[in-house]
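Okay, my_file.cif now, which holds mmCIF, C-alpha atoms:
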data_model
loop_
_atom_site.label_atom_id
_atom_site.label_comp_id
_atom_site.auth_asym_id
_atom_site.auth_seq_id
_atom_site.Cartn_x
_atom_site.Cartn_y
_atom_site.Cartn_z
CA ASP J 1 80.08 100.75 35.85
CA GLN J 2 81.51 97.25 35.67
CA GLN J 3 80.66 95.92 32.21
CA VAL J 4 82.24 92.52 32.87
CA LYS J 5 81.64 90.89 36.24
CA GLN J 6 82.97 87.80 37.94
CA ASN J 7 80.82 87.50 41.01
CA SER J 8 82.75 84.71 42.69
CA PRO J 9 86.03 85.97 44.16
CA SER J 10 87.21 82.44 44.83
CA LEU J 11 86.52 78.79 44.03
CA SER J 12 87.91 75.68 45.68
CA VAL J 13 87.82 72.31 43.88
CA GLN J 14 89.18 68.84 44.44
CA GLU J 15 91.72 67.47 41.98
CA GLY J 16 90.05 65.50 39.18
CA ARG J 17 86.69 67.24 39.56
CA ILE J 18 85.22 69.92 37.33
CA SER J 19 85.92 73.61 37.90
CA ILE J 20 83.30 76.04 36.61
CA LEU J 21 84.14 79.74 36.51
CA ASN J 22 81.43 82.21 35.63
CA CYS J 23 81.33 85.65 34.04
CA ASP J 24 78.51 88.07 33.23
CA TYR J 25 78.56 91.08 30.96
CA THR J 26 76.23 93.99 30.32
CA ASN J 27 77.47 95.51 27.06
CA SER J 28 75.60 93.94 24.14
CA MET J 29 78.25 95.28 21.74
CA PHE J 30 80.83 92.78 23.02
CA ASP J 31 81.48 90.23 20.30
CA TYR J 32 84.59 88.41 21.44
CA PHE J 33 85.27 86.85 24.82
CA LEU J 34 88.47 85.57 26.34
CA TRP J 35 89.74 83.81 29.44
CA TYR J 36 93.13 84.49 30.96
CA LYS J 37 95.02 82.67 33.67
CA LYS J 38 97.41 84.48 35.98
CA TYR J 39 100.02 83.15 38.37
CA PRO J 40 101.53 85.42 41.05
CA ALA J 41 104.29 87.74 39.80
CA GLU J 42 103.57 86.85 36.16
CA GLY J 43 101.57 88.46 33.40
CA PRO J 44 98.16 87.09 32.40
CA THR J 45 98.34 84.18 29.96
CA PHE J 46 95.74 83.73 27.24
CA LEU J 47 93.79 80.53 27.75
CA ILE J 48 90.81 80.25 25.41
CA SER J 49 88.39 82.48 23.53
CA ILE J 50 85.02 82.46 21.83
CA SER J 51 83.35 84.73 19.32
CA SER J 52 79.73 85.77 19.65
CA ILE J 53 78.68 83.63 16.69
CA LYS J 54 79.47 80.46 18.64
CA ASP J 55 78.11 79.04 21.86
CA LYS J 56 80.94 76.66 22.71
CA ASN J 57 84.66 76.37 22.15
CA GLU J 58 86.81 73.54 23.41
CA ASP J 59 90.56 73.20 23.80
CA GLY J 60 91.74 70.12 25.63
CA ARG J 61 90.60 70.28 29.26
CA PHE J 62 89.17 73.77 28.79
CA THR J 63 85.75 74.59 27.39
CA VAL J 64 84.14 78.01 27.20
CA PHE J 65 80.37 78.35 26.89
CA LEU J 66 78.60 81.50 25.79
CA ASN J 67 74.93 82.27 26.43
CA LYS J 68 74.28 85.50 24.57
CA SER J 69 70.66 85.86 25.63
CA ALA J 70 71.72 85.73 29.29
CA LYS J 71 74.94 87.68 28.64
CA HIS J 72 76.81 84.96 30.47
CA LEU J 73 79.91 82.92 29.79
CA SER J 74 81.56 80.17 31.72
CA LEU J 75 84.86 78.31 31.68
CA HIS J 76 84.87 74.59 32.44
CA ILE J 77 88.08 72.82 33.40
CA VAL J 78 87.87 69.03 33.36
CA PRO J 79 89.62 67.37 35.08
CA SER J 80 91.02 70.02 37.39
CA GLN J 81 94.68 69.74 38.35
CA PRO J 82 96.66 71.41 41.16
CA GLY J 83 98.65 73.31 38.51
CA ASP J 84 95.41 75.01 37.46
CA SER J 85 95.43 76.94 40.75
CA ALA J 86 95.65 80.58 39.68
CA VAL J 87 93.56 83.72 39.19
CA TYR J 88 91.26 83.51 36.18
CA PHE J 89 90.07 86.63 34.39
CA CYS J 90 87.36 86.83 31.78
CA ALA J 91 87.60 89.63 29.25
CA ALA J 92 85.56 90.99 26.37
CA SER J 93 86.05 93.19 23.35
CA ALA J 94 83.78 95.01 20.94
CA TYR J 95 85.05 95.25 17.41
CA ALA J 96 85.23 98.89 16.46
CA GLY J 97 87.68 98.61 13.63
CA GLY J 98 90.52 100.93 12.86
CA THR J 99 92.41 102.48 15.73
CA SER J 100 90.26 101.06 18.54
CA TYR J 101 91.30 97.49 17.80
CA GLY J 102 91.94 95.06 20.60
CA LYS J 103 90.83 96.97 23.66
CA LEU J 104 89.79 94.52 26.37
CA THR J 105 87.43 94.96 29.31
CA PHE J 106 88.21 92.61 32.19
CA GLY J 107 86.29 91.11 35.05
CA GLN J 108 87.61 91.28 38.61
CA GLY J 109 89.06 87.78 38.57
CA THR J 110 88.33 84.50 40.40
CA ILE J 111 90.96 82.73 42.48
CA LEU J 112 90.81 79.01 41.72
CA THR J 113 92.37 76.60 44.18
CA VAL J 114 92.60 72.95 43.21
CA HIS J 115 93.33 70.68 46.16
CA PRO J 116 95.28 67.42 45.67
CA ASP K 1 106.08 84.30 24.53
CA ALA K 2 105.23 87.48 22.61
CA GLY K 3 108.67 89.00 23.03
CA ILE K 4 107.55 91.66 25.52
CA THR K 5 109.93 93.04 28.11
CA GLN K 6 108.89 95.49 30.81
CA SER K 7 111.30 97.56 32.84
CA PRO K 8 111.77 98.06 35.66
CA ARG K 9 110.08 95.04 37.22
CA HIS K 10 109.80 96.73 40.60
CA LYS K 11 109.96 100.36 41.60
CA VAL K 12 109.36 102.38 44.74
CA THR K 13 108.97 106.11 44.29
CA GLU K 14 107.89 109.10 46.30
CA THR K 15 104.66 111.02 45.92
CA GLY K 16 104.99 113.87 43.44
CA THR K 17 107.88 112.46 41.44
CA PRO K 18 107.62 111.56 37.76
CA VAL K 19 108.01 107.91 36.83
CA THR K 20 108.43 106.26 33.44
CA LEU K 21 107.78 102.60 32.74
CA ARG K 22 109.07 101.00 29.58
CA CYS K 23 107.59 98.29 27.38
CA HIS K 24 109.75 96.80 24.66
CA GLN K 25 108.57 94.33 22.03
CA THR K 26 110.58 92.43 19.47
CA GLU K 27 107.88 91.27 17.03
CA ASN K 28 106.98 94.53 15.31
CA HIS K 29 103.34 94.57 16.43
CA ARG K 30 101.32 97.63 15.60
CA TYR K 31 99.02 97.64 18.64
CA MET K 32 100.32 98.07 22.18
CA TYR K 33 98.48 98.65 25.46
CA TRP K 34 99.07 99.62 29.06
CA TYR K 35 96.82 98.12 31.76
CA ARG K 36 96.87 98.38 35.51
CA GLN K 37 95.77 95.60 37.84
CA ASP K 38 94.18 96.35 41.19
CA PRO K 39 92.29 94.12 43.64
CA GLY K 40 88.58 94.16 42.97
CA HIS K 41 89.01 95.77 39.55
CA GLY K 42 90.78 93.22 37.41
CA LEU K 43 92.81 94.88 34.67
CA ARG K 44 91.88 98.30 33.36
CA LEU K 45 93.12 99.96 30.20
CA ILE K 46 95.17 103.12 30.72
CA HIS K 47 96.35 104.05 27.22
CA TYR K 48 96.96 102.27 23.97
CA SER K 49 98.84 102.82 20.74
CA TYR K 50 97.94 101.91 17.19
CA GLY K 51 101.21 102.98 15.60
CA VAL K 52 104.27 105.16 15.98
CA LYS K 53 103.19 108.49 17.49
CA ASP K 54 99.56 107.30 17.47
CA THR K 55 98.07 106.88 20.92
CA ASP K 56 94.71 107.20 22.62
CA LYS K 57 93.18 107.14 26.09
CA GLY K 58 91.72 104.16 27.82
CA GLU K 59 89.37 103.82 30.77
CA VAL K 60 91.70 105.18 33.49
CA SER K 61 94.02 107.63 31.75
CA ASP K 62 93.99 110.54 34.23
CA GLY K 63 97.48 111.21 35.60
CA TYR K 64 99.19 109.16 32.90
CA SER K 65 100.76 109.96 29.56
CA VAL K 66 102.32 107.73 26.93
CA SER K 67 104.71 107.99 24.05
CA ARG K 68 105.66 105.77 21.16
CA SER K 69 108.54 107.09 19.10
CA LYS K 70 109.54 103.65 17.76
CA THR K 71 107.45 100.59 16.93
CA GLU K 72 109.20 98.50 19.56
CA ASP K 73 108.92 100.85 22.55
CA PHE K 74 105.82 102.11 24.39
CA LEU K 75 106.47 104.31 27.41
CA LEU K 76 104.05 105.04 30.25
CA THR K 77 104.73 108.15 32.34
CA LEU K 78 103.18 109.07 35.65
CA GLU K 79 103.61 112.81 35.56
CA SER K 80 103.40 113.29 39.32
CA ALA K 81 102.98 109.99 41.12
CA THR K 82 100.25 109.61 43.75
CA SER K 83 99.54 106.81 46.21
CA SER K 84 96.46 105.85 44.17
CA GLN K 85 98.80 104.90 41.35
CA THR K 86 100.37 102.16 43.43
CA SER K 87 99.55 99.15 41.27
CA VAL K 88 100.86 96.46 39.00
CA TYR K 89 101.24 97.68 35.44
CA PHE K 90 101.07 95.38 32.45
CA CYS K 91 102.01 96.05 28.88
CA ALA K 92 100.33 94.03 26.14
CA ILE K 93 100.35 93.56 22.39
CA THR K 94 97.69 92.28 20.04
CA ARG K 95 98.52 90.25 16.99
CA GLN K 96 96.32 91.37 14.16
CA HIS K 97 94.52 88.49 12.59
CA GLN K 98 92.94 87.94 9.25
CA LYS K 99 89.82 87.51 11.36
CA PRO K 100 89.53 90.99 12.85
CA LEU K 101 87.35 89.90 15.76
CA ASN K 102 90.15 87.80 17.26
CA THR K 103 91.64 90.19 19.78
CA GLU K 104 93.85 88.00 21.95
CA ALA K 105 96.26 90.19 23.88
CA PHE K 106 99.62 88.92 25.09
CA PHE K 107 101.08 90.41 28.21
CA GLY K 108 104.45 91.26 29.65
CA GLN K 109 105.58 90.18 33.11
CA GLY K 110 104.40 93.37 34.78
CA THR K 111 105.91 96.21 36.80
CA ARG K 112 105.04 96.52 40.46
CA LEU K 113 105.02 100.21 41.35
CA THR K 114 104.74 101.48 44.90
CA VAL K 115 104.23 105.18 45.55
CA VAL K 116 105.07 106.19 49.13
#

I need this file expressed as structure tokens, please.
Amino acid sequence: DQQVKQNSPSLSVQEGRISILNCDYTNSMFDYFLWYKKYPAEGPTFLISISSIKDKNEDGRFTVFLNKSAKHLSLHIVPSQPGDSAVYFCAASAYAGGTSYGKLTFGQGTILTVHP
Amino acid sequence: DAGITQSPRHKVTETGTPVTLRCHQTENHRYMYWYRQDPGHGLRLIHYSYGVKDTDKGEVSDGYSVSRSKTEDFLLTLESATSSQTSVYFCAITRQHQKPLNTEAFFGQGTRLTVV
């Protein structure tokens, strides 16, 4: 049972345009959401996050939107650059306190290609 | 850079042999995790640790064991490797925040394991 889903395996965008990556989740206990970027042969790199008490978080060219009623989050990259080409994973956690801290559930990933 | 080193970076092993992967951290973090990455599945949690000698199972723990005898080292052992354990393995740490919901994980470079 995939609790976090990224239904688009790939996305192709022209340089300078907006990239929108989507993620859906089913577990209503998730209260913190994250996006990671991954280049080949490297570990995932933390990009941006949002807690369930917010609906938007912005960091430079990256903005994450959370729609709790729809159990949907999205990552907007504006403007897109060729260096943004990578695999993007969304992830979620449910705060359980104590020893269960920090366990993440990931989506399948979306390959973003930004063309010059 | 969260000071995480994984070794080896690449390994080829035969079916039925035991294999141990090592994760070493230099920042004295309490929480450490092992994930595996497979196409179509994103990253999935294998085991995690919340202190020296304190470990627990994740989503896909069958066929794996872990040990943490020192804060800085978290070992993942495949007791008898199978072809289904061919994967890329990532170690991660979480920095505990004053805001407990903030569960950003920081990953090592990964170990590519091939079981033939």

Answer key for the PyMOL selection byres ((chain K) within 12 of (chain J)), residues as a PyMOL selection string: chain K and resi 1-2+4-6+9-10+30-51+54-60+88-97+99-112

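Separating CA of Glu15 (chain J) from CA of Asn67 (chain J) is a distance of 27.3 Å.
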
Tell me which of J:Gln14, J:Lys71, J:Phe62, J:Asn57 sits closest to Ser28 (chain J), counting only C-alpha atoms. J:Lys71

Step by step, work through what the PyMOL selection byres ((chain K and resi 11-20) around 7) selects in the shown file, and finish by giving those residues as an NGL selection string. :K and (8-10 or 21-22 or 75-83 or 112-116)

Just the residues within 9 Å of Gly3 (chain K), please, counting all atoms listed in the file, with nothing from its chain fewer than 4 positions along; format it as a tab-separated table (two decimals) with C-alpha atoms, in the frame of the given file.
chain	number	residue	atom	x	y	z
K	24	HIS	CA	109.75	96.80	24.66
K	25	GLN	CA	108.57	94.33	22.03
K	26	THR	CA	110.58	92.43	19.47
K	27	GLU	CA	107.88	91.27	17.03
K	108	GLY	CA	104.45	91.26	29.65

Report, in Å to a single decimal, how far apart CA of Asp55 (chain J) and CA of Met29 (chain J) are.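 Computing it gives 16.2 Å between the two atoms.
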